[in-house]
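K.L.:
So that you have it, the file is structure-v4.csv, and it contains CSV, C-alpha atoms:
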```
chain,number,residue,atom,x,y,z
A,1,MET,CA,0.0,0.0,0.0
A,2,ARG,CA,1.3,3.4,-0.9
A,3,LEU,CA,0.3,6.9,0.2
A,4,PHE,CA,0.0,10.1,-1.8
A,5,THR,CA,2.8,12.3,-0.6
A,6,SER,CA,3.1,15.1,-3.2
A,7,ALA,CA,5.9,13.3,-4.9
A,8,VAL,CA,5.3,15.2,-8.0
A,9,ALA,CA,8.8,15.5,-9.5
A,10,ALA,CA,8.7,12.1,-11.1
A,11,ALA,CA,5.3,12.8,-12.5
A,12,LEU,CA,6.4,16.1,-14.0
A,13,CYS,CA,9.4,14.5,-15.6
A,14,LEU,CA,7.2,11.8,-17.1
A,15,SER,CA,4.6,14.2,-18.4
A,16,ALA,CA,7.3,16.5,-19.9
A,17,THR,CA,8.3,13.7,-22.3
A,18,LEU,CA,4.7,13.4,-23.7
A,19,ALA,CA,3.0,15.2,-26.5
A,20,HIS,CA,0.1,17.4,-25.5
A,21,ALA,CA,-2.2,17.3,-28.5
A,22,ALA,CA,-4.7,14.5,-27.9
A,23,GLY,CA,-7.3,14.0,-30.6
A,24,LEU,CA,-10.9,14.2,-29.4
A,25,ARG,CA,-14.1,12.9,-31.0
A,26,LEU,CA,-17.6,12.9,-29.7
A,27,ILE,CA,-19.8,10.0,-30.9
A,28,LYS,CA,-23.3,8.8,-30.2
A,29,VAL,CA,-23.5,5.0,-30.0
A,30,GLN,CA,-26.9,3.7,-31.1
A,31,ALA,CA,-28.3,0.2,-30.4
A,32,ASP,CA,-31.6,-1.5,-30.6
A,33,GLY,CA,-33.6,-1.7,-27.4
A,34,VAL,CA,-31.4,0.5,-25.3
A,35,PRO,CA,-31.0,4.3,-25.0
A,36,PRO,CA,-28.3,5.9,-27.2
A,37,MET,CA,-25.0,6.4,-25.4
A,38,GLN,CA,-22.7,9.4,-25.8
A,39,ILE,CA,-19.0,8.6,-25.7
A,40,ALA,CA,-15.9,10.7,-26.1
A,41,VAL,CA,-12.8,9.3,-27.7
A,42,TRP,CA,-9.3,10.6,-27.0
A,43,SER,CA,-6.5,9.4,-29.2
A,44,PRO,CA,-2.8,10.0,-30.0
A,45,CYS,CA,-2.5,12.9,-32.4
A,46,ALA,CA,0.4,14.5,-34.3
A,47,ALA,CA,-1.4,17.8,-35.0
A,48,PRO,CA,-0.7,20.9,-32.9
A,49,ALA,CA,-2.7,21.2,-29.7
A,50,GLY,CA,-5.9,23.2,-29.9
A,51,GLU,CA,-9.0,23.7,-27.8
A,52,VAL,CA,-12.4,22.0,-27.8
A,53,GLN,CA,-15.4,23.8,-26.4
A,54,LEU,CA,-18.0,21.6,-24.7
A,55,ARG,CA,-20.8,23.8,-23.3
A,56,THR,CA,-19.2,25.6,-20.4
A,57,LEU,CA,-16.0,23.5,-20.4
A,58,THR,CA,-12.9,24.1,-22.6
A,59,LEU,CA,-10.6,21.1,-23.1
A,60,PRO,CA,-7.2,20.9,-24.6
A,61,GLY,CA,-7.3,18.8,-27.7
A,62,THR,CA,-7.7,18.6,-31.5
A,63,THR,CA,-11.1,17.8,-32.9
A,64,ASP,CA,-11.2,14.7,-35.2
A,65,CYS,CA,-7.4,14.5,-35.4
A,66,ALA,CA,-6.1,11.5,-37.4
A,67,VAL,CA,-5.2,8.7,-35.0
A,68,MET,CA,-1.4,8.2,-34.8
A,69,GLY,CA,0.1,4.7,-34.3
A,70,GLU,CA,-0.8,1.1,-34.7
A,71,LYS,CA,-1.8,-1.7,-32.3
A,72,LEU,CA,-2.9,0.9,-29.7
A,73,PRO,CA,-4.1,-0.1,-26.3
A,74,LEU,CA,-7.7,0.9,-25.3
A,75,ILE,CA,-8.8,2.3,-22.0
A,76,VAL,CA,-12.6,2.6,-21.1
A,77,VAL,CA,-13.5,5.3,-18.5
A,78,SER,CA,-16.6,5.1,-16.3
A,79,HIS,CA,-17.9,8.1,-14.3
A,80,GLY,CA,-19.6,8.4,-11.0
A,81,TYR,CA,-23.1,9.4,-10.0
A,82,GLY,CA,-24.3,12.3,-12.1
A,83,GLY,CA,-21.0,12.5,-13.9
A,84,SER,CA,-20.1,12.5,-17.5
A,85,PHE,CA,-17.2,11.7,-19.9
A,86,THR,CA,-15.5,15.0,-19.0
A,87,GLY,CA,-15.0,14.1,-15.3
A,88,HIS,CA,-11.6,12.6,-15.8
A,89,HIS,CA,-10.5,14.4,-19.0
A,90,ASP,CA,-7.0,15.1,-17.6
A,91,THR,CA,-6.4,11.4,-17.2
A,92,ALA,CA,-7.8,10.7,-20.7
A,93,GLU,CA,-5.5,13.4,-22.1
A,94,THR,CA,-2.4,11.9,-20.3
A,95,LEU,CA,-3.1,8.4,-21.6
A,96,ALA,CA,-3.8,9.6,-25.1
A,97,ASP,CA,-0.7,11.7,-25.2
A,98,ALA,CA,1.2,8.5,-24.2
A,99,GLY,CA,-0.2,6.4,-27.0
A,100,PHE,CA,-3.4,5.0,-25.6
A,101,VAL,CA,-6.9,5.4,-27.1
A,102,VAL,CA,-9.4,6.3,-24.4
A,103,VAL,CA,-13.2,6.0,-24.6
A,104,ALA,CA,-15.2,7.6,-21.8
A,105,VAL,CA,-18.9,6.9,-21.7
A,106,ASN,CA,-21.9,8.8,-20.5
A,107,HIS,CA,-23.9,6.1,-18.7
A,108,PRO,CA,-27.5,6.7,-19.9
A,109,VAL,CA,-28.9,5.6,-16.5
A,110,ASP,CA,-27.2,8.2,-14.4
A,111,THR,CA,-25.2,10.8,-16.3
A,112,GLY,CA,-25.8,14.3,-15.3
A,113,ALA,CA,-25.8,15.3,-18.9
A,114,GLY,CA,-29.0,13.2,-19.5
A,115,ASP,CA,-32.1,11.9,-17.8
A,116,MET,CA,-31.5,11.2,-14.1
A,117,THR,CA,-35.0,9.8,-13.3
A,118,ARG,CA,-33.6,6.3,-13.0
A,119,ALA,CA,-30.3,7.2,-11.3
A,120,ASP,CA,-31.4,6.0,-7.9
A,121,THR,CA,-33.0,2.7,-9.1
A,122,LEU,CA,-31.6,-0.8,-9.1
A,123,ALA,CA,-31.1,-0.5,-12.9
A,124,VAL,CA,-27.8,1.3,-12.1
A,125,LEU,CA,-26.4,-1.9,-10.7
A,126,THR,CA,-26.9,-3.9,-13.9
A,127,GLU,CA,-26.9,-1.5,-16.8
A,128,ARG,CA,-23.5,0.2,-16.2
A,129,SER,CA,-21.4,-2.9,-16.9
A,130,ALA,CA,-23.5,-3.6,-20.0
A,131,ASP,CA,-22.6,0.0,-21.2
A,132,ILE,CA,-18.9,-0.8,-20.9
A,133,LYS,CA,-19.3,-3.9,-23.0
A,134,ARG,CA,-21.3,-1.9,-25.6
A,135,ALA,CA,-18.5,0.7,-25.7
A,136,ILE,CA,-15.8,-1.9,-26.3
A,137,ASP,CA,-18.0,-3.6,-28.9
A,138,TYR,CA,-18.4,-0.3,-30.7
A,139,MET,CA,-14.7,0.6,-30.6
A,140,LEU,CA,-13.6,-2.8,-31.9
A,141,GLY,CA,-16.4,-3.3,-34.4
A,142,GLU,CA,-17.7,0.0,-35.7
A,143,TRP,CA,-15.3,2.8,-34.9
A,144,SER,CA,-13.7,4.2,-38.0
A,145,ASP,CA,-10.2,3.6,-36.7
A,146,ARG,CA,-10.8,0.2,-35.2
A,147,ALA,CA,-8.0,-1.3,-37.2
A,148,LYS,CA,-5.5,0.8,-35.2
A,149,LEU,CA,-6.6,-0.9,-31.9
A,150,ASP,CA,-5.1,-4.0,-30.3
A,151,PRO,CA,-8.0,-6.1,-28.9
A,152,ASP,CA,-5.7,-7.9,-26.5
A,153,LYS,CA,-4.7,-4.6,-24.8
A,154,ILE,CA,-7.9,-3.3,-23.1
A,155,GLY,CA,-8.0,-1.6,-19.7
A,156,PHE,CA,-10.6,0.1,-17.5
A,157,PHE,CA,-10.6,3.3,-15.4
A,158,GLY,CA,-13.5,4.1,-13.0
A,159,PHE,CA,-14.4,6.4,-10.2
A,160,SER,CA,-17.1,5.8,-7.5
A,161,ARG,CA,-20.0,4.1,-9.3
A,162,GLY,CA,-17.5,3.7,-12.0
A,163,GLY,CA,-15.3,1.7,-9.6
A,164,TYR,CA,-18.2,-0.6,-8.9
A,165,THR,CA,-18.8,-0.9,-12.6
A,166,GLY,CA,-15.2,-2.0,-13.1
A,167,LEU,CA,-15.4,-4.7,-10.5
A,168,VAL,CA,-18.5,-6.1,-12.2
A,169,VAL,CA,-16.9,-5.9,-15.6
A,170,ALA,CA,-13.8,-7.7,-14.2
A,171,GLY,CA,-15.9,-10.6,-12.9
A,172,ALA,CA,-17.5,-9.6,-9.6
A,173,ASN,CA,-21.0,-10.7,-8.8
A,174,PRO,CA,-22.9,-8.3,-6.6
A,175,ASP,CA,-25.7,-9.4,-4.3
A,176,ILE,CA,-28.2,-6.7,-5.1
A,177,SER,CA,-30.5,-7.7,-2.3
A,178,LYS,CA,-27.8,-6.3,0.1
A,179,ALA,CA,-28.5,-2.8,-1.3
A,180,THR,CA,-30.9,-2.4,1.6
A,181,ALA,CA,-27.7,-1.2,3.4
A,182,PHE,CA,-28.2,2.1,1.6
A,183,CYS,CA,-31.8,2.6,2.7
A,184,SER,CA,-32.8,4.5,5.8
A,185,VAL,CA,-35.9,6.2,7.3
A,186,PHE,CA,-34.5,9.5,6.1
A,187,ASP,CA,-33.3,8.4,2.7
A,188,ARG,CA,-35.9,6.4,0.8
A,189,LYS,CA,-34.5,6.1,-2.8
A,190,PRO,CA,-36.7,4.4,-5.5
A,191,SER,CA,-34.3,1.5,-5.2
A,192,CYS,CA,-35.5,0.9,-1.6
A,193,GLY,CA,-39.1,0.5,-2.8
A,194,GLU,CA,-37.9,-1.9,-5.5
A,195,LEU,CA,-36.1,-4.0,-2.8
A,196,GLN,CA,-39.2,-3.9,-0.5
A,197,ARG,CA,-41.4,-5.1,-3.4
A,198,LYS,CA,-38.7,-7.7,-4.3
A,199,GLU,CA,-38.3,-6.2,-7.8
A,200,ILE,CA,-34.7,-7.2,-8.0
A,201,PRO,CA,-33.2,-7.4,-11.5
A,202,THR,CA,-32.6,-10.9,-12.7
A,203,GLY,CA,-30.0,-12.2,-15.1
A,204,THR,CA,-26.3,-12.7,-15.0
A,205,PRO,CA,-24.2,-9.5,-14.5
A,206,VAL,CA,-22.4,-8.4,-17.6
A,207,HIS,CA,-18.7,-9.3,-17.4
A,208,ASP,CA,-16.1,-8.7,-20.1
A,209,PRO,CA,-13.0,-10.8,-20.2
A,210,ARG,CA,-11.5,-8.5,-22.8
A,211,VAL,CA,-10.6,-6.1,-20.0
A,212,LYS,CA,-7.1,-7.1,-18.8
A,213,ALA,CA,-6.3,-4.5,-16.1
A,214,MET,CA,-8.1,-1.8,-14.2
A,215,VAL,CA,-7.6,1.4,-12.1
A,216,ILE,CA,-10.5,2.1,-9.8
A,217,ALA,CA,-11.0,4.9,-7.2
A,218,ASP,CA,-13.4,4.9,-4.3
A,219,PRO,CA,-15.6,2.1,-5.7
A,220,ALA,CA,-19.2,2.5,-4.6
A,221,PHE,CA,-21.7,-0.1,-3.3
A,222,GLY,CA,-19.1,-2.1,-1.3
A,223,PRO,CA,-21.6,-4.0,0.8
A,224,LEU,CA,-22.9,-5.7,-2.3
A,225,PHE,CA,-19.7,-7.7,-2.5
A,226,ASP,CA,-18.2,-10.3,-0.2
A,227,ARG,CA,-15.2,-12.5,-0.7
A,228,ASN,CA,-17.2,-15.0,-2.7
A,229,GLY,CA,-18.7,-12.2,-4.9
A,230,LEU,CA,-15.2,-11.0,-5.7
A,231,LYS,CA,-13.5,-14.4,-6.2
A,232,ASP,CA,-13.5,-14.1,-10.0
A,233,VAL,CA,-11.8,-10.6,-10.1
A,234,LYS,CA,-8.3,-11.8,-11.1
A,235,ILE,CA,-7.0,-9.1,-13.4
A,236,PRO,CA,-4.3,-6.6,-12.2
A,237,THR,CA,-6.0,-3.9,-10.2
A,238,GLN,CA,-4.8,-0.5,-9.0
A,239,LEU,CA,-7.1,0.7,-6.2
A,240,TRP,CA,-7.2,4.3,-4.9
A,241,ALA,CA,-9.0,5.3,-1.7
A,242,SER,CA,-9.6,8.7,-0.3
A,243,GLU,CA,-9.0,8.9,3.4
A,244,LEU,CA,-11.9,11.3,4.2
A,245,SER,CA,-14.7,10.1,1.9
A,246,GLY,CA,-16.6,9.1,5.1
A,247,GLU,CA,-16.9,12.8,6.0
A,248,ASP,CA,-18.5,13.8,2.6
A,249,GLY,CA,-22.0,12.5,3.4
A,250,ILE,CA,-22.2,10.1,0.5
A,251,SER,CA,-24.2,7.0,1.4
A,252,GLU,CA,-22.7,4.8,-1.4
A,253,ILE,CA,-19.1,4.9,-0.2
A,254,ASN,CA,-16.9,5.1,2.9
A,255,PRO,CA,-13.3,4.1,3.6
A,256,ASP,CA,-14.2,1.0,5.5
A,257,GLN,CA,-16.2,-0.4,2.5
A,258,VAL,CA,-13.3,0.3,0.2
A,259,ALA,CA,-10.9,-1.4,2.6
A,260,ALA,CA,-13.2,-4.4,2.7
A,261,ILE,CA,-13.1,-4.7,-1.1
A,262,ASP,CA,-9.3,-4.4,-1.0
A,263,ASN,CA,-9.1,-7.2,1.6
A,264,ASP,CA,-11.5,-9.5,-0.2
A,265,LEU,CA,-9.9,-9.3,-3.7
A,266,PRO,CA,-8.3,-12.6,-4.6
A,267,VAL,CA,-5.4,-11.0,-6.3
A,268,LYS,CA,-3.6,-8.3,-4.2
A,269,ALA,CA,-4.2,-4.9,-5.5
A,270,ASP,CA,-1.7,-2.0,-6.0
A,271,THR,CA,-3.5,0.0,-3.3
A,272,HIS,CA,-3.0,3.8,-2.6
A,273,ILE,CA,-4.5,5.8,0.2
A,274,VAL,CA,-5.0,9.6,-0.5
A,275,ARG,CA,-4.3,11.3,2.8
A,276,ASN,CA,-6.3,14.4,3.6
A,277,GLY,CA,-8.4,13.7,0.4
A,278,GLY,CA,-12.2,13.6,0.2
A,279,HIS,CA,-14.2,11.6,-2.4
A,280,PHE,CA,-14.2,14.3,-5.0
A,281,VAL,CA,-10.4,14.8,-5.3
A,282,PHE,CA,-10.5,12.2,-8.0
A,283,LEU,CA,-12.4,14.5,-10.3
A,284,SER,CA,-10.4,16.6,-12.7
A,285,PRO,CA,-9.1,19.9,-11.2
A,286,CYS,CA,-11.7,22.6,-11.6
A,287,SER,CA,-11.4,25.9,-13.5
A,288,ALA,CA,-12.1,29.1,-11.5
A,289,ASP,CA,-15.5,29.3,-13.1
A,290,MET,CA,-16.4,25.7,-12.3
A,291,ALA,CA,-15.2,26.1,-8.7
A,292,LYS,CA,-17.7,29.0,-8.3
A,293,ARG,CA,-20.6,27.0,-9.8
A,294,LEU,CA,-19.8,23.6,-8.2
A,295,PRO,CA,-18.0,24.2,-4.9
A,296,LYS,CA,-19.1,20.9,-3.5
A,297,PHE,CA,-17.1,19.0,-6.1
A,298,CYS,CA,-14.2,21.5,-6.5
A,299,THR,CA,-13.3,22.5,-2.9
A,300,ASP,CA,-10.8,20.3,-1.1
A,301,ARG,CA,-9.5,20.2,2.5
A,302,PRO,CA,-7.0,22.9,3.5
A,303,GLY,CA,-3.6,22.0,2.3
A,304,PHE,CA,-4.7,19.5,-0.3
A,305,ASP,CA,-3.4,20.3,-3.8
A,306,ARG,CA,-5.6,18.6,-6.4
A,307,VAL,CA,-3.5,19.6,-9.3
A,308,ALA,CA,-0.4,18.1,-7.7
A,309,PHE,CA,-2.2,15.0,-6.8
A,310,HIS,CA,-3.6,14.5,-10.3
A,311,LYS,CA,-0.1,14.8,-11.8
A,312,GLU,CA,1.0,11.9,-9.6
A,313,TRP,CA,-2.2,9.9,-10.0
A,314,ASN,CA,-2.1,10.2,-13.8
A,315,ALA,CA,1.5,9.2,-13.9
A,316,ASP,CA,0.9,6.2,-11.7
A,317,SER,CA,-2.1,5.1,-13.7
A,318,LEU,CA,-0.2,5.5,-16.9
A,319,ALA,CA,2.7,3.4,-15.5
A,320,PHE,CA,0.3,0.7,-14.3
A,321,PHE,CA,-1.5,0.4,-17.7
A,322,ARG,CA,1.9,0.4,-19.5
A,323,LYS,CA,3.1,-2.4,-17.3
A,324,HIS,CA,0.1,-4.6,-17.6
A,325,LEU,CA,-1.2,-3.9,-21.1
A,326,VAL,CA,1.9,-2.9,-23.1
A,327,ASP,CA,5.0,-4.3,-21.5
A,328,ALA,CA,3.2,-7.6,-20.7
A,329,HIS,CA,2.7,-8.1,-24.4
A,330,GLN,CA,6.3,-7.3,-25.5
A,331,PRO,CA,8.1,-10.3,-27.1
```
Mind turning this structure into structure tokens?
P.N.:
Amino acid sequence: MRLFTSAVAAALCLSATLAHAAGLRLIKVQADGVPPMQIAVWSPCAAPAGEVQLRTLTLPGTTDCAVMGEKLPLIVVSHGYGGSFTGHHDTAETLADAGFVVVAVNHPVDTGAGDMTRADTLAVLTERSADIKRAIDYMLGEWSDRAKLDPDKIGFFGFSRGGYTGLVVAGANPDISKATAFCSVFDRKPSCGELQRKEIPTGTPVHDPRVKAMVIADPAFGPLFDRNGLKDVKIPTQLWASELSGEDGISEINPDQVAAIDNDLPVKADTHIVRNGGHFVFLSPCSADMAKRLPKFCTDRPGFDRVAFHKEWNADSLAFFRKHLVDAHQP
């Protein structure tokens, strides 16, 4: 287990060797019988860096840049409750600048950029992992540059509900009936009514063995897993936990639940504890305008430097994916 200690120098040296002109494409994935899914694709790009305007957010990147490279590894990114594909854009940019293709999804069931009416239903626990499979299917089967991808080098990156999603994708089997742990007299979500009426989704959780390594941060819904439910999660995992998430008033996550997941994983994870960090430190650093509009998500504890932390986190995530997706396949 390692701690975040502001050891930024190595991260700065690493990032200084990278290009800074990730290509960026926005794509709507259509499929029969399910809502359309918005995705964003970052990719290696040889063109000069530009800017991409997305509503109130400006991202560094080059729109529709030609994809540079061959046999590229693919990383799929899953956001948290009410999030979107922009929530970890700095990580996506870092990976793309280093030669990865990154696809970040807007989960139709609970993205803040869409319809949130089902965000507190049990559908969240089953549909999200299916979204990841759909994104991978699209990238390998329909994406215009699919020939540039290596289907044997696929990784996953997820935060909060996205961390839960990654565990399921990697083989975990949640016991959805245990979601009563998130019901109380004062917090009666629609999911609590579904549980009371025994309207629990049936069917096998959607796993995807094409995913060979994952980085997850503060995975949600920990009580749904026990050692038996996690026994099939055997891919290399880098697990990040915020020390102070229990103080953030989020019912779906606390440090003890993340520690229990860490303890029950059958393959020891590369675990990091983020000292003095709350749950939202894993979101991309905020602009001044965003900090004014969304202080809950942008304000950290006194003395915590989110920009410095993300330099280290992005560098460690990149090194992890290189080790397990790229170096592991070298002859």
K.L.:
For Glu243 in chain A, please output as a list in words all residues within 7 Å (counting all atoms listed in the file; exclusion window: fewer than 6 positions along the same chain).
P.N.:
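Those residues are Pro255, Ile273, Val274, Arg275, Asn276, Gly277 and Gly278 of chain A.
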K.L.:
For Val211 in chain A, which residue out of A:Asp115, A:Asp152, A:Glu51, A:Asp232 is the nearest one, using only C-alpha atoms?
P.N.:
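Ranking A:Asp115, A:Asp152, A:Glu51, A:Asp232 by distance to Val211 in chain A, first place goes to A:Asp152.
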K.L.:
Within 9 Å of His89 in chain A, counting only C-alpha atoms, which residues qualify if same-chain residues fewer than 4 places away don't, as a list in words?
P.N.:
Trp42, Leu59, Phe85, Glu93, Thr94, Ala104, Leu283 and Ser284 of chain A
K.L.:
Report as CSV the residues of range 147-253 of chain A within 10 Å of range 304-316 of chain A, each with its shortest atom pair and distance in Å (one decimal), using all atoms listed in the file, ordered by chain and increasing residue number.
P.N.:
```
residue,atom,partner,partner_atom,distance
A:Val215,CA,A:Asp316,CA,9.8
A:Gln238,CA,A:Asp316,CA,9.2
A:Trp240,CA,A:Trp313,CA,9.1
```
K.L.:
Between A:Gly112, A:Gly203, A:Gly141, A:Gly80, which has the minimum distance to Ile250 in chain A (counting all atoms listed in the file)?
P.N.:
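Closest candidate: A:Gly80.
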K.L.:
Can you work out which one of A:Ala113, A:Val34, A:Leu230, A:Ala291 has the shortest atom-to-atom distance to Asn263 in chain A, counting only C-alpha atoms?
P.N.:
A:Leu230
K.L.:
Tell me which of A:Ala172, A:Ala179, A:Ile216, A:Val101 sits closest to Phe159 in chain A, counting all atoms listed in the file.
P.N.:
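Between A:Ala172, A:Ala179, A:Ile216, A:Val101, the residue approaching Phe159 in chain A most closely is A:Ile216.
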K.L.:
Looking at all atoms listed in the file, which of A:Ala181, A:Met214, A:Ile176, A:Val124 is the one that sits closest to His107 in chain A?
P.N.:
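Among the listed residues, A:Val124 lies closest to His107 in chain A.
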K.L.:
With all atoms listed in the file counted, which protein, DNA or RNA residues have an atom no more than 10 Å from (-1.0, 17.1, -34.0) in the file frame? Please answer as number ranges by chain.
P.N.:
A: 19-23, 44-50, 61-62, 65-68
K.L.:
Please save C-alpha atoms of the selected residues as a CSV table (one decimal), in the frame of the given file.
P.N.:
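The new file result28.csv reads:
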```
chain,number,residue,atom,x,y,z
A,19,ALA,CA,3.0,15.2,-26.5
A,20,HIS,CA,0.1,17.4,-25.5
A,21,ALA,CA,-2.2,17.3,-28.5
A,22,ALA,CA,-4.7,14.5,-27.9
A,23,GLY,CA,-7.3,14.0,-30.6
A,44,PRO,CA,-2.8,10.0,-30.0
A,45,CYS,CA,-2.5,12.9,-32.4
A,46,ALA,CA,0.4,14.5,-34.3
A,47,ALA,CA,-1.4,17.8,-35.0
A,48,PRO,CA,-0.7,20.9,-32.9
A,49,ALA,CA,-2.7,21.2,-29.7
A,50,GLY,CA,-5.9,23.2,-29.9
A,61,GLY,CA,-7.3,18.8,-27.7
A,62,THR,CA,-7.7,18.6,-31.5
A,65,CYS,CA,-7.4,14.5,-35.4
A,66,ALA,CA,-6.1,11.5,-37.4
A,67,VAL,CA,-5.2,8.7,-35.0
A,68,MET,CA,-1.4,8.2,-34.8
```
K.L.:
Quick one, how far is CA of Val77 in chain A from CA of Phe157 in chain A?
P.N.:
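Going from CA of Val77 in chain A over to CA of Phe157 in chain A covers 4.7 Å.
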K.L.:
What does the distance from CA of Lys296 in chain A to CA of Gly193 in chain A come to in Å, to one decimal?
P.N.:
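Value for the CA of Lys296 in chain A-CA of Gly193 in chain A distance: 28.6 Å.
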K.L.:
Check the smallest atom-to-atom distance from each of A:Ala40, A:Leu318, A:Leu72, A:Ala130 to Val52 in chain A using all atoms listed in the file, then report the winner.
P.N.:
A:Ala40
